[in-house]
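Content type compact mmCIF, C-alpha atoms, from the file my_file-v3.txt:
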# COMPACT_ATOMS: atom_id res chain seq x y z
CA MET F 1 89.77 -60.51 -4.30
CA SER F 2 86.72 -62.68 -4.31
CA GLY F 3 86.74 -62.80 -0.53
CA THR F 4 86.70 -59.03 -0.37
CA LEU F 5 83.61 -58.88 -2.61
CA GLU F 6 81.78 -61.38 -0.50
CA LYS F 7 82.46 -59.30 2.60
CA LEU F 8 81.15 -56.12 0.95
CA THR F 9 77.99 -57.91 -0.17
CA ILE F 10 77.34 -59.18 3.35
CA VAL F 11 77.86 -55.70 4.80
CA ALA F 12 75.38 -54.16 2.28
CA MET F 13 72.77 -56.77 3.04
CA MET F 14 73.13 -56.19 6.78
CA ALA F 15 72.73 -52.39 6.26
CA MET F 16 69.55 -52.91 4.28
CA ALA F 17 68.18 -55.23 6.96
CA LEU F 18 68.95 -52.71 9.69
CA ALA F 19 67.26 -49.91 7.67
CA ALA F 20 64.14 -52.03 7.24
CA CYS F 21 64.05 -52.76 10.96
CA GLY F 22 64.38 -49.03 11.72
CA GLN F 23 61.46 -48.19 9.45
CA SER F 24 59.27 -50.84 11.03
CA GLN F 25 60.03 -49.53 14.49
CA SER F 26 59.33 -45.82 13.60
CA GLN F 27 56.26 -44.09 15.17
CA PRO F 28 53.04 -43.65 13.05
CA GLN F 29 52.12 -40.14 11.78
CA GLU F 30 49.90 -37.98 14.03
CA ALA F 31 46.12 -37.79 13.16
CA ALA F 32 44.77 -34.54 11.54
CA PRO F 33 43.15 -32.06 14.01
CA PRO F 34 39.31 -31.64 13.99
CA PRO F 35 38.09 -29.17 11.31
CA GLN F 36 37.37 -25.61 12.41
CA VAL F 37 33.82 -24.28 12.14
CA THR F 38 32.03 -21.10 13.18
CA VAL F 39 29.06 -21.40 15.54
CA ALA F 40 26.49 -18.90 16.80
CA LYS F 41 23.45 -19.01 19.03
CA PRO F 42 20.05 -18.36 17.38
CA VAL F 43 18.45 -14.93 17.74
CA SER F 44 15.28 -14.72 19.83
CA ARG F 45 12.56 -12.25 18.75
CA MET F 46 8.86 -11.63 19.25
CA ILE F 47 7.40 -12.25 15.78
CA ALA F 48 3.86 -12.86 14.60
CA ASP F 49 2.94 -15.35 11.89
CA GLN F 50 2.27 -13.50 8.66
CA ASP F 51 -0.12 -14.15 5.78
CA GLU F 52 0.60 -12.66 2.36
CA TYR F 53 -1.92 -11.39 -0.18
CA VAL F 54 -1.73 -9.82 -3.63
CA GLY F 55 -3.81 -6.78 -4.50
CA ARG F 56 -4.00 -3.44 -6.31
CA PHE F 57 -3.76 0.19 -5.34
CA VAL F 58 -6.89 2.29 -5.80
CA ALA F 59 -7.33 6.02 -5.36
CA VAL F 60 -9.19 7.33 -2.33
CA GLU F 61 -10.88 9.86 -4.62
CA SER F 62 -11.36 9.42 -8.36
CA VAL F 63 -13.21 12.21 -10.16
CA GLU F 64 -14.23 12.75 -13.78
CA VAL F 65 -14.04 16.43 -14.73
CA ARG F 66 -17.08 17.12 -16.94
CA ALA F 67 -18.54 20.32 -18.34
CA ARG F 68 -21.56 21.70 -16.48
CA VAL F 69 -22.49 24.20 -19.18
CA SER F 70 -22.29 24.03 -22.95
CA GLY F 71 -19.95 26.29 -24.89
CA TYR F 72 -16.66 26.54 -26.69
CA LEU F 73 -13.57 25.55 -24.71
CA ASP F 74 -11.52 28.72 -24.43
CA ALA F 75 -8.37 27.72 -22.48
CA ILE F 76 -6.64 24.82 -20.66
CA HIS F 77 -4.62 25.73 -17.57
CA PHE F 78 -2.64 22.56 -16.72
CA GLN F 79 -0.04 20.20 -18.12
CA ASP F 80 -1.07 16.60 -18.76
CA GLY F 81 -0.18 14.38 -15.81
CA GLN F 82 0.70 17.10 -13.32
CA ILE F 83 -0.29 17.26 -9.66
CA VAL F 84 -3.20 19.66 -9.08
CA ARG F 85 -4.59 21.06 -5.85
CA LYS F 86 -8.24 21.36 -4.94
CA GLY F 87 -9.58 24.62 -6.40
CA ASP F 88 -6.96 24.97 -9.15
CA LEU F 89 -8.32 26.34 -12.43
CA LEU F 90 -8.29 23.60 -15.09
CA PHE F 91 -10.50 24.71 -18.02
CA THR F 92 -12.21 27.90 -19.14
CA ILE F 93 -15.30 27.84 -21.36
CA ASP F 94 -15.97 31.07 -23.30
CA PRO F 95 -17.71 33.16 -20.58
CA ARG F 96 -19.19 35.90 -22.81
CA PRO F 97 -22.59 34.27 -23.45
CA PHE F 98 -23.00 33.66 -19.72
CA GLN F 99 -22.00 37.23 -18.87
CA THR F 100 -24.67 38.47 -21.27
CA ALA F 101 -27.31 36.17 -19.78
CA LEU F 102 -26.41 37.37 -16.29
CA ALA F 103 -26.73 41.04 -17.31
CA GLN F 104 -30.15 40.37 -18.85
CA ALA F 105 -31.31 38.57 -15.71
CA GLN F 106 -30.11 41.41 -13.51
CA ALA F 107 -32.00 43.92 -15.68
CA SER F 108 -35.20 41.87 -15.48
CA LEU F 109 -34.77 41.74 -11.70
CA ALA F 110 -34.48 45.52 -11.56
CA GLN F 111 -37.67 45.84 -13.60
CA ALA F 112 -39.49 43.44 -11.30
CA LYS F 113 -38.36 45.38 -8.27
CA ALA F 114 -39.67 48.62 -9.85
CA ASN F 115 -43.04 46.99 -10.50
CA LEU F 116 -43.12 45.80 -6.90
CA ALA F 117 -42.36 49.26 -5.60
CA PHE F 118 -45.22 50.75 -7.67
CA ALA F 119 -47.64 48.04 -6.51
CA GLU F 120 -46.70 48.60 -2.87
CA ALA F 121 -47.24 52.38 -3.20
CA ASP F 122 -50.54 51.93 -5.01
CA LEU F 123 -51.78 49.56 -2.32
CA ALA F 124 -50.66 51.92 0.43
CA ARG F 125 -52.70 54.76 -1.13
CA GLY F 126 -55.80 52.59 -1.27
CA GLN F 127 -55.39 51.48 2.32
CA GLY F 128 -55.23 55.14 3.45
CA VAL F 129 -58.78 56.04 2.35
CA ALA F 130 -62.19 54.85 3.38
CA VAL F 131 -63.34 51.71 1.64
CA GLY F 132 -66.71 52.25 -0.10
CA ALA F 133 -66.60 56.05 -0.07
CA VAL F 134 -63.42 56.69 -2.08
CA ILE F 135 -62.30 53.21 -3.20
CA THR F 136 -64.22 50.03 -3.62
CA GLN F 137 -63.27 46.77 -1.92
CA GLN F 138 -62.71 45.18 -5.34
CA THR F 139 -60.17 47.82 -6.29
CA LEU F 140 -58.37 47.32 -2.98
CA ASP F 141 -58.27 43.55 -3.55
CA GLN F 142 -56.88 44.07 -7.04
CA ARG F 143 -54.09 46.28 -5.71
CA THR F 144 -53.30 43.69 -3.04
CA GLN F 145 -53.12 40.99 -5.71
CA ALA F 146 -50.90 43.18 -7.90
CA LYS F 147 -48.47 43.61 -5.01
CA ARG F 148 -48.28 39.85 -4.41
CA VAL F 149 -47.74 39.19 -8.12
CA ALA F 150 -44.95 41.77 -8.15
CA GLU F 151 -43.33 40.10 -5.09
CA ALA F 152 -43.46 36.72 -6.80
CA ALA F 153 -41.94 38.20 -9.96
CA VAL F 154 -39.06 39.63 -7.92
CA GLY F 155 -38.47 36.21 -6.30
CA ALA F 156 -38.49 34.47 -9.68
CA GLN F 157 -36.09 36.97 -11.20
CA LYS F 158 -33.70 36.56 -8.26
CA GLU F 159 -33.49 32.83 -9.00
CA VAL F 160 -32.89 33.60 -12.68
CA VAL F 161 -30.01 35.86 -11.67
CA ARG F 162 -28.66 33.15 -9.35
CA GLN F 163 -28.80 30.54 -12.14
CA ALA F 164 -27.10 32.92 -14.58
CA ALA F 165 -24.37 33.58 -12.00
CA LEU F 166 -23.91 29.82 -11.52
CA ASP F 167 -23.62 29.29 -15.28
CA LEU F 168 -20.97 31.99 -15.42
CA GLU F 169 -19.14 30.38 -12.49
CA PHE F 170 -19.36 26.96 -14.17
CA SER F 171 -17.60 28.37 -17.22
CA GLU F 172 -14.44 27.99 -15.11
CA LEU F 173 -13.82 24.34 -14.24
CA ARG F 174 -11.72 23.93 -11.09
CA ALA F 175 -10.22 20.81 -9.53
CA PRO F 176 -12.73 19.29 -7.08
CA VAL F 177 -9.99 17.24 -5.32
CA SER F 178 -6.22 17.21 -5.04
CA GLY F 179 -4.34 14.58 -7.01
CA ARG F 180 -2.73 13.73 -10.31
CA ILE F 181 -4.68 14.75 -13.40
CA GLY F 182 -4.63 12.68 -16.56
CA ASP F 183 -4.37 13.91 -20.11
CA ARG F 184 -6.87 16.35 -21.59
CA ARG F 185 -9.68 14.68 -23.51
CA VAL F 186 -10.74 17.81 -25.45
CA SER F 187 -8.56 20.47 -27.05
CA ALA F 188 -9.20 24.19 -26.79
CA GLY F 189 -11.59 25.52 -29.42
CA ASN F 190 -13.94 22.53 -29.38
CA LEU F 191 -17.60 22.72 -28.41
CA VAL F 192 -18.28 20.93 -25.13
CA THR F 193 -21.67 19.81 -23.89
CA GLY F 194 -22.82 20.38 -20.33
CA GLY F 195 -25.92 19.95 -18.28
CA ALA F 196 -27.43 17.19 -16.17
CA SER F 197 -27.75 14.62 -18.97
CA GLY F 198 -25.45 11.66 -19.42
CA SER F 199 -24.01 13.06 -22.65
CA THR F 200 -21.87 15.72 -20.98
CA SER F 201 -18.32 16.10 -22.27
CA LEU F 202 -15.56 14.37 -20.30
CA LEU F 203 -12.61 16.76 -20.12
CA ALA F 204 -10.14 14.95 -17.80
CA THR F 205 -9.87 12.64 -14.77
CA ILE F 206 -8.20 13.22 -11.39
CA GLU F 207 -6.91 10.45 -9.09
CA SER F 208 -5.88 11.32 -5.54
CA VAL F 209 -2.45 9.93 -4.59
CA ASP F 210 -1.80 10.66 -0.90
CA PRO F 211 -3.04 8.78 1.00
CA ILE F 212 -3.81 5.81 -1.21
CA ARG F 213 -5.82 2.64 -0.68
CA PHE F 214 -4.81 -0.97 -1.32
CA GLU F 215 -7.53 -3.53 -2.00
CA PHE F 216 -7.09 -7.30 -1.64
CA THR F 217 -9.23 -10.35 -0.86
CA LEU F 218 -9.22 -12.72 2.10
CA ASP F 219 -10.25 -16.35 1.86
CA GLU F 220 -13.05 -17.49 4.15
CA ALA F 221 -10.79 -19.50 6.49
CA SER F 222 -8.44 -16.55 7.02
CA TYR F 223 -11.37 -14.21 7.59
CA LEU F 224 -12.75 -16.52 10.31
CA ARG F 225 -9.34 -16.77 11.96
CA TYR F 226 -8.90 -13.00 12.03
CA THR F 227 -12.41 -12.28 13.31
CA ARG F 228 -12.01 -14.78 16.15
CA LEU F 229 -8.85 -12.99 17.20
CA ALA F 230 -10.82 -9.71 17.39
CA LYS F 231 -14.36 -10.88 18.18
CA ASP F 232 -14.86 -8.15 20.79
CA LYS F 233 -14.59 -5.48 18.06
CA ALA F 234 -16.76 -7.03 15.38
CA ASP F 235 -18.97 -3.95 15.08
CA ASN F 236 -16.14 -1.74 13.79
CA ALA F 237 -15.72 -0.91 10.11
CA ASP F 238 -12.57 -3.05 9.98
CA ARG F 239 -14.24 -5.94 11.89
CA GLY F 240 -11.69 -5.42 14.65
CA LEU F 241 -8.83 -6.47 12.36
CA SER F 242 -6.57 -3.74 13.70
CA LEU F 243 -3.49 -5.80 12.83
CA PRO F 244 -0.23 -4.49 11.36
CA VAL F 245 -0.24 -4.37 7.57
CA LYS F 246 3.04 -4.20 5.65
CA LEU F 247 3.52 -3.88 1.91
CA LYS F 248 6.21 -4.41 -0.71
CA LEU F 249 6.29 -3.60 -4.39
CA ILE F 250 7.26 -6.14 -7.04
CA ASP F 251 10.85 -4.83 -7.19
CA GLU F 252 11.42 -4.65 -3.42
CA PRO F 253 12.98 -7.50 -1.39
CA ALA F 254 11.18 -6.85 1.91
CA PHE F 255 7.93 -5.51 3.33
CA VAL F 256 9.04 -2.00 4.26
CA HIS F 257 5.84 0.08 3.92
CA ALA F 258 3.53 0.19 6.96
CA GLY F 259 -0.21 0.80 6.62
CA LYS F 260 -3.52 0.40 8.40
CA LEU F 261 -6.51 -1.81 7.64
CA ASP F 262 -9.59 0.44 7.44
CA PHE F 263 -12.37 -1.58 5.79
CA VAL F 264 -13.68 -5.13 5.35
CA ASP F 265 -16.63 -5.76 3.05
CA ASN F 266 -20.06 -6.77 4.39
CA ALA F 267 -20.43 -10.06 2.46
CA ILE F 268 -18.38 -12.98 1.18
CA SER F 269 -18.52 -13.46 -2.58
CA ARG F 270 -20.64 -16.46 -3.53
CA SER F 271 -18.60 -17.13 -6.66
CA SER F 272 -15.09 -16.97 -5.20
CA GLY F 273 -15.60 -17.54 -1.46
CA THR F 274 -13.51 -14.48 -0.62
CA ILE F 275 -14.18 -11.16 1.06
CA ARG F 276 -12.75 -7.81 0.04
CA ALA F 277 -10.51 -5.90 2.46
CA ARG F 278 -8.81 -2.53 2.19
CA ALA F 279 -5.79 -0.87 3.77
CA VAL F 280 -4.58 2.74 3.67
CA PHE F 281 -0.95 3.76 3.10
CA ALA F 282 0.76 7.12 3.18
CA ASN F 283 2.23 8.07 -0.20
CA PRO F 284 4.19 11.31 0.28
CA ASP F 285 6.66 10.60 -2.53
CA ARG F 286 3.82 9.44 -4.84
CA THR F 287 5.52 6.12 -5.63
CA PHE F 288 2.28 4.18 -5.32
CA THR F 289 -0.01 4.59 -8.32
CA PRO F 290 -3.63 3.47 -8.71
CA GLY F 291 -3.78 0.14 -10.52
CA MET F 292 -0.30 -0.96 -9.40
CA PHE F 293 0.13 -4.52 -8.07
CA ALA F 294 1.82 -5.23 -4.72
CA ARG F 295 1.91 -7.76 -1.89
CA VAL F 296 0.81 -7.19 1.70
CA GLN F 297 1.58 -9.02 4.93
CA LEU F 298 -1.09 -9.36 7.59
CA ALA F 299 -0.39 -10.71 11.07
CA ALA F 300 -2.20 -14.05 11.42
CA ALA F 301 -1.77 -14.35 15.21
CA PRO F 302 -0.45 -12.37 18.19
CA PRO F 303 3.38 -12.12 18.36
CA SER F 304 5.25 -15.04 19.95
CA ASP F 305 8.86 -15.76 20.88
CA THR F 306 10.67 -17.31 17.88
CA LEU F 307 14.24 -18.28 17.01
CA LEU F 308 16.05 -17.14 13.87
CA VAL F 309 19.22 -18.32 12.15
CA PRO F 310 21.04 -17.28 8.95
CA GLU F 311 20.01 -18.98 5.72
CA VAL F 312 23.57 -20.33 5.34
CA ALA F 313 23.11 -22.46 8.46
CA ILE F 314 20.27 -24.48 6.93
CA GLY F 315 20.99 -27.68 5.04
CA SER F 316 18.74 -29.92 2.94
CA GLU F 317 18.21 -33.67 3.05
CA GLN F 318 15.76 -34.55 0.31
CA VAL F 319 12.56 -32.77 1.44
CA ARG F 320 13.69 -32.16 5.03
CA LYS F 321 15.67 -29.22 6.37
CA PHE F 322 18.24 -29.45 9.13
CA VAL F 323 20.88 -27.49 11.03
CA LEU F 324 24.11 -28.80 12.58
CA VAL F 325 24.72 -27.98 16.25
CA VAL F 326 27.87 -28.49 18.30
CA ALA F 327 27.45 -30.14 21.71
CA PRO F 328 29.59 -29.13 24.75
CA ASP F 329 32.00 -32.02 23.94
CA ASN F 330 32.51 -30.49 20.43
CA VAL F 331 30.64 -33.35 18.75
CA VAL F 332 28.35 -32.40 15.86
CA HIS F 333 24.65 -33.33 15.94
CA SER F 334 21.96 -32.66 13.33
CA LYS F 335 18.51 -31.30 14.15
CA TYR F 336 15.61 -31.29 11.72
CA VAL F 337 13.80 -27.98 11.64
CA THR F 338 10.62 -26.42 10.27
CA LEU F 339 11.15 -23.19 8.35
CA GLY F 340 9.17 -20.00 8.84
CA PRO F 341 9.28 -16.62 7.09
CA VAL F 342 12.37 -14.53 6.45
CA VAL F 343 12.67 -11.55 8.81
CA ASP F 344 15.44 -8.97 8.27
CA GLY F 345 17.55 -11.49 6.37
CA LEU F 346 17.18 -14.26 8.98
CA ARG F 347 15.02 -17.37 8.74
CA VAL F 348 12.52 -18.31 11.45
CA VAL F 349 13.04 -21.97 12.44
CA ALA F 350 11.33 -24.36 14.85
CA GLY F 351 13.07 -27.43 16.28
CA ILE F 352 16.13 -25.95 18.00
CA ALA F 353 16.82 -24.49 21.45
CA ARG F 354 17.93 -20.96 22.20
CA ASP F 355 21.21 -22.27 23.74
CA ASP F 356 22.20 -24.41 20.73
CA ASN F 357 25.52 -23.58 19.05
CA VAL F 358 24.48 -23.68 15.41
CA ILE F 359 27.16 -24.05 12.74
CA VAL F 360 26.93 -20.98 10.54
CA ASN F 361 30.19 -21.38 8.59
CA GLY F 362 31.98 -24.57 7.60
CA LEU F 363 28.83 -26.64 7.28
CA LEU F 364 30.41 -28.90 4.65
CA ARG F 365 33.43 -29.62 6.86
CA ALA F 366 31.30 -30.99 9.68
CA ARG F 367 29.78 -34.45 9.92
CA PRO F 368 27.21 -35.65 12.48
CA GLY F 369 28.98 -37.65 15.16
CA ALA F 370 32.42 -36.17 14.40
CA LYS F 371 34.35 -33.66 16.48
CA VAL F 372 35.06 -30.12 15.35
CA THR F 373 36.91 -27.08 16.63
CA PRO F 374 34.22 -24.42 17.14
CA ARG F 375 34.82 -20.68 16.95
CA GLN F 376 32.10 -18.60 18.59
CA SER F 377 30.53 -15.83 16.53
CA SER F 378 27.22 -13.94 16.34
CA VAL F 379 24.27 -14.35 14.01
CA ALA F 380 24.60 -10.72 12.91
CA GLU F 381 28.20 -11.39 11.81
CA ALA F 382 27.31 -14.59 9.99
CA ALA F 383 24.08 -13.44 8.35
CA GLY F 384 25.82 -12.24 5.23
CA SER F 385 28.38 -15.05 4.94
CA ARG F 386 28.24 -18.04 2.61
CA VAL F 387 28.72 -21.69 3.44
CA SER F 388 32.35 -22.62 2.98
CA ALA F 389 33.18 -25.87 1.24
CA ASN F 390 36.82 -25.87 2.32
Please, can you express the file's structure as structure tokens?
Amino acid sequence: MSGTLEKLTIVAMMAMALAACGQSQSQPQEAAPPPQVTVAKPVSRMIADQDEYVGRFVAVESVEVRARVSGYLDAIHFQDGQIVRKGDLLFTIDPRPFQTALAQAQASLAQAKANLAFAEADLARGQGVAVGAVITQQTLDQRTQAKRVAEAAVGAQKEVVRQAALDLEFSELRAPVSGRIGDRRVSAGNLVTGGASGSTSLLATIESVDPIRFEFTLDEASYLRYTRLAKDKADNADRGLSLPVKLKLIDEPAFVHAGKLDFVDNAISRSSGTIRARAVFANPDRTFTPGMFARVQLAAAPPSDTLLVPEVAIGSEQVRKFVLVVAPDNVVHSKYVTLGPVVDGLRVVAGIARDDNVIVNGLLRARPGAKVTPRQSSVAEAAGSRVSAN
């Protein structure tokens, strides 16, 4: 019995030894394949360097509507804040006193014309007879003078009639320009003061809205750079700065409004060292409002060929920026780049070649010096993607 147990023990030990030898002679596990990444070639575009400035919108025409004649305000013909056209009736001052003054002036003119007619006839009678025999020279001179006085009286009365007609016309205040009118400053029934003095009554204000101007300031260095680019046109109103101007509002992500530079001031401010510039923008939907803040882009140099990549392809190493590119042998290399502006969702970069395969997805799976499995894509496809950490 004991011999049988010894044999079984020996057999078990031999089986364990054989199993251990089999494990030691087994093949090692296969290495993991290189991680898969998505690559794309940078986009090449002709883009000009852009400078950005902050400014305000101002109306092309801003008019204060003031009374030209004194009287009681009879009627208001607009709603506060509405768009008015040039020539629209805005206010009516009680016209009856001016109608009466015009009728009196016209009557005085008729009387003056009657006096002139009598003087002309009287003079004609004197000129038809012999001087000295029937009429004296003094009498003839008096009749001549009476005719001239009557002519002057007619001329004076005509001007009185014209002034009375103007006063009657001024009793209706019409919009001098097209634009958006503000709120009424005087209610109907109040006495308003007119005339040429500075105490005339302000009734409303009108600001034109289309087109609209945008004013901003250039620093002295930028002004010199722009003028040197256009030195052959320095006599123009815009100093030759006929460069594209684009604008965005504070709630817009991109510069989508195109305008035109139309004026640069004639002197640099001694206090700030800046010079005032102005651009004009179309405003058909009346979104832009005088006093509103916005930002403008101004081309700082002629367009040049630049390369663009998606934002997701750019990595950070402390203060430096880099992109990962895949060489023909599928080995990853890093390239440090200099960032430019964002154009249509892509970032302008300097420091890469147009034939580089830039990693645009799977950036965290790649390591410089390691191999990867690249999948070719396009920048347009990858522009909206996010860096994958898997």
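Near F:Asn190, within a cut-off of 10 Å and counting all atoms listed in the file, sit the residues Gly71, Tyr72, Leu73, Asp74 and Ile93 of chain F, with same-chain residues fewer than 6 positions away left out.
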Extract, using all atoms listed in the file, all DNA, RNA and protein residues at most 8 Å from F:Gly195, discarding same-chain residues fewer than 3 positions from it, and format them as a PyMOL selection string.
-> chain F and resi 67-70+200
Do you have the atom CA of F:Arg45-atom CA of F:Asp355 distance handy?
-> 14.1 Å
Once you count all atoms listed in the file, which residues end up no further than 12 Å from (-12.7, 25.0, -24.2) in the file's frame, shown as a ChimeraX atom specification?
-> /F:66-67,69-77,90-95,171-173,184-194,201-203
Looking at only C-alpha atoms, which of F:Ala299, F:Ala124, F:Val60, F:Leu261 is the one that sits closest to F:Ile206?
->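 Comparing F:Ala299, F:Ala124, F:Val60, F:Leu261 against F:Ile206, the winner is F:Val60.
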Give me, please, the distance in Å between atom CA of F:Arg96 and atom CA of F:Ala152, quoted to one decimal.
->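 Here the two named atoms are 29.1 Å from each other.
Candidate residues F:Lys147, F:Lys41, F:Arg278, F:Lys260 were compared for distance to F:Ser378, and the nearest is F:Lys41, using only C-alpha atoms.
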One-decimal distance in Å that lies between atom CA of F:Asp88 and atom CA of F:Ala175 =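 Atom CA of F:Asp88 lies 5.3 Å from atom CA of F:Ala175.
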Within 7 Å of F:Val337 using only C-alpha atoms, minus same-chain residues under 3 positions, as a PyMOL selection string = chain F and resi 321-322+349-351
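Nearest residue to F:Leu346, choosing from F:Ser334, F:Ser44, F:Asn266, F:Gln297 and counting only C-alpha atoms: F:Ser44.
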Which protein, DNA or RNA residues have an atom at most 12 Å from (-53.9, 45.1, -8.3), counting only C-alpha atoms? List them as a list in words.
->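 The residues that fall inside the cut-off are Asn115, Leu116, Phe118, Ala119, Glu120, Ala121, Asp122, Leu123, Ala124, Gly126, Gln137, Gln138, Thr139, Leu140, Asp141, Gln142, Arg143, Thr144, Gln145, Ala146, Lys147, Arg148, Val149 and Ala150 of chain F.
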Distance query F:Gln111 at most 10 Å, only C-alpha atoms, self and fewer than 5 positions along chain excluded, as a PyMOL selection string | chain F and resi 105-106+116-117+150+153-154+157
Would you mind putting N, CA and C atoms back on stretch 71-91 of chain F and writing the result as a PDB file, keeping the file's coordinate frame?
ATOM      1  N   GLY F  71     -20.637  25.132 -24.302  1.00  0.00           N
ATOM      2  CA  GLY F  71     -19.950  26.290 -24.890  1.00  0.00           C
ATOM      3  C   GLY F  71     -18.649  25.853 -25.526  1.00  0.00           C
ATOM      4  N   TYR F  72     -17.945  26.815 -26.058  1.00  0.00           N
ATOM      5  CA  TYR F  72     -16.660  26.540 -26.690  1.00  0.00           C
ATOM      6  C   TYR F  72     -15.542  26.624 -25.663  1.00  0.00           C
ATOM      7  N   LEU F  73     -14.678  25.586 -25.666  1.00  0.00           N
ATOM      8  CA  LEU F  73     -13.570  25.550 -24.710  1.00  0.00           C
ATOM      9  C   LEU F  73     -12.564  26.628 -25.083  1.00  0.00           C
ATOM     10  N   ASP F  74     -12.338  27.540 -24.142  1.00  0.00           N
ATOM     11  CA  ASP F  74     -11.520  28.720 -24.430  1.00  0.00           C
ATOM     12  C   ASP F  74     -10.056  28.514 -24.073  1.00  0.00           C
ATOM     13  N   ALA F  75      -9.762  27.854 -22.919  1.00  0.00           N
ATOM     14  CA  ALA F  75      -8.370  27.720 -22.480  1.00  0.00           C
ATOM     15  C   ALA F  75      -8.224  26.507 -21.567  1.00  0.00           C
ATOM     16  N   ILE F  76      -7.009  25.927 -21.550  1.00  0.00           N
ATOM     17  CA  ILE F  76      -6.640  24.820 -20.660  1.00  0.00           C
ATOM     18  C   ILE F  76      -5.478  25.290 -19.813  1.00  0.00           C
ATOM     19  N   HIS F  77      -5.566  25.101 -18.494  1.00  0.00           N
ATOM     20  CA  HIS F  77      -4.620  25.730 -17.570  1.00  0.00           C
ATOM     21  C   HIS F  77      -3.747  24.713 -16.826  1.00  0.00           C
ATOM     22  N   PHE F  78      -3.492  23.548 -17.389  1.00  0.00           N
ATOM     23  CA  PHE F  78      -2.640  22.560 -16.720  1.00  0.00           C
ATOM     24  C   PHE F  78      -1.853  21.777 -17.760  1.00  0.00           C
ATOM     25  N   GLN F  79      -0.810  21.095 -17.286  1.00  0.00           N
ATOM     26  CA  GLN F  79      -0.040  20.200 -18.120  1.00  0.00           C
ATOM     27  C   GLN F  79      -0.512  18.767 -17.862  1.00  0.00           C
ATOM     28  N   ASP F  80      -0.607  17.981 -18.913  1.00  0.00           N
ATOM     29  CA  ASP F  80      -1.070  16.600 -18.760  1.00  0.00           C
ATOM     30  C   ASP F  80      -0.206  15.860 -17.746  1.00  0.00           C
ATOM     31  N   GLY F  81      -0.878  15.209 -16.788  1.00  0.00           N
ATOM     32  CA  GLY F  81      -0.180  14.380 -15.810  1.00  0.00           C
ATOM     33  C   GLY F  81       0.360  15.098 -14.600  1.00  0.00           C
ATOM     34  N   GLN F  82       0.135  16.376 -14.459  1.00  0.00           N
ATOM     35  CA  GLN F  82       0.700  17.100 -13.320  1.00  0.00           C
ATOM     36  C   GLN F  82      -0.154  16.915 -12.071  1.00  0.00           C
ATOM     37  N   ILE F  83       0.434  17.268 -10.919  1.00  0.00           N
ATOM     38  CA  ILE F  83      -0.290  17.260  -9.660  1.00  0.00           C
ATOM     39  C   ILE F  83      -1.065  18.573  -9.536  1.00  0.00           C
ATOM     40  N   VAL F  84      -2.357  18.471  -9.241  1.00  0.00           N
ATOM     41  CA  VAL F  84      -3.200  19.660  -9.080  1.00  0.00           C
ATOM     42  C   VAL F  84      -3.737  19.681  -7.652  1.00  0.00           C
ATOM     43  N   ARG F  85      -4.021  20.873  -7.177  1.00  0.00           N
ATOM     44  CA  ARG F  85      -4.590  21.060  -5.850  1.00  0.00           C
ATOM     45  C   ARG F  85      -6.078  21.374  -5.969  1.00  0.00           C
ATOM     46  N   LYS F  86      -6.809  21.071  -4.946  1.00  0.00           N
ATOM     47  CA  LYS F  86      -8.240  21.360  -4.940  1.00  0.00           C
ATOM     48  C   LYS F  86      -8.462  22.861  -5.126  1.00  0.00           C
ATOM     49  N   GLY F  87      -9.296  23.219  -6.100  1.00  0.00           N
ATOM     50  CA  GLY F  87      -9.580  24.620  -6.400  1.00  0.00           C
ATOM     51  C   GLY F  87      -8.758  25.192  -7.532  1.00  0.00           C
ATOM     52  N   ASP F  88      -7.751  24.456  -8.026  1.00  0.00           N
ATOM     53  CA  ASP F  88      -6.960  24.970  -9.150  1.00  0.00           C
ATOM     54  C   ASP F  88      -7.821  25.078 -10.407  1.00  0.00           C
ATOM     55  N   LEU F  89      -7.594  26.142 -11.186  1.00  0.00           N
ATOM     56  CA  LEU F  89      -8.320  26.340 -12.430  1.00  0.00           C
ATOM     57  C   LEU F  89      -7.778  25.379 -13.492  1.00  0.00           C
ATOM     58  N   LEU F  90      -8.679  24.593 -14.095  1.00  0.00           N
ATOM     59  CA  LEU F  90      -8.290  23.600 -15.090  1.00  0.00           C
ATOM     60  C   LEU F  90      -8.697  23.998 -16.504  1.00  0.00           C
ATOM     61  N   PHE F  91      -9.972  24.375 -16.703  1.00  0.00           N
ATOM     62  CA  PHE F  91     -10.500  24.710 -18.020  1.00  0.00           C
ATOM     63  C   PHE F  91     -11.303  26.000 -17.925  1.00  0.00           C
TER      64      PHE F  91
END
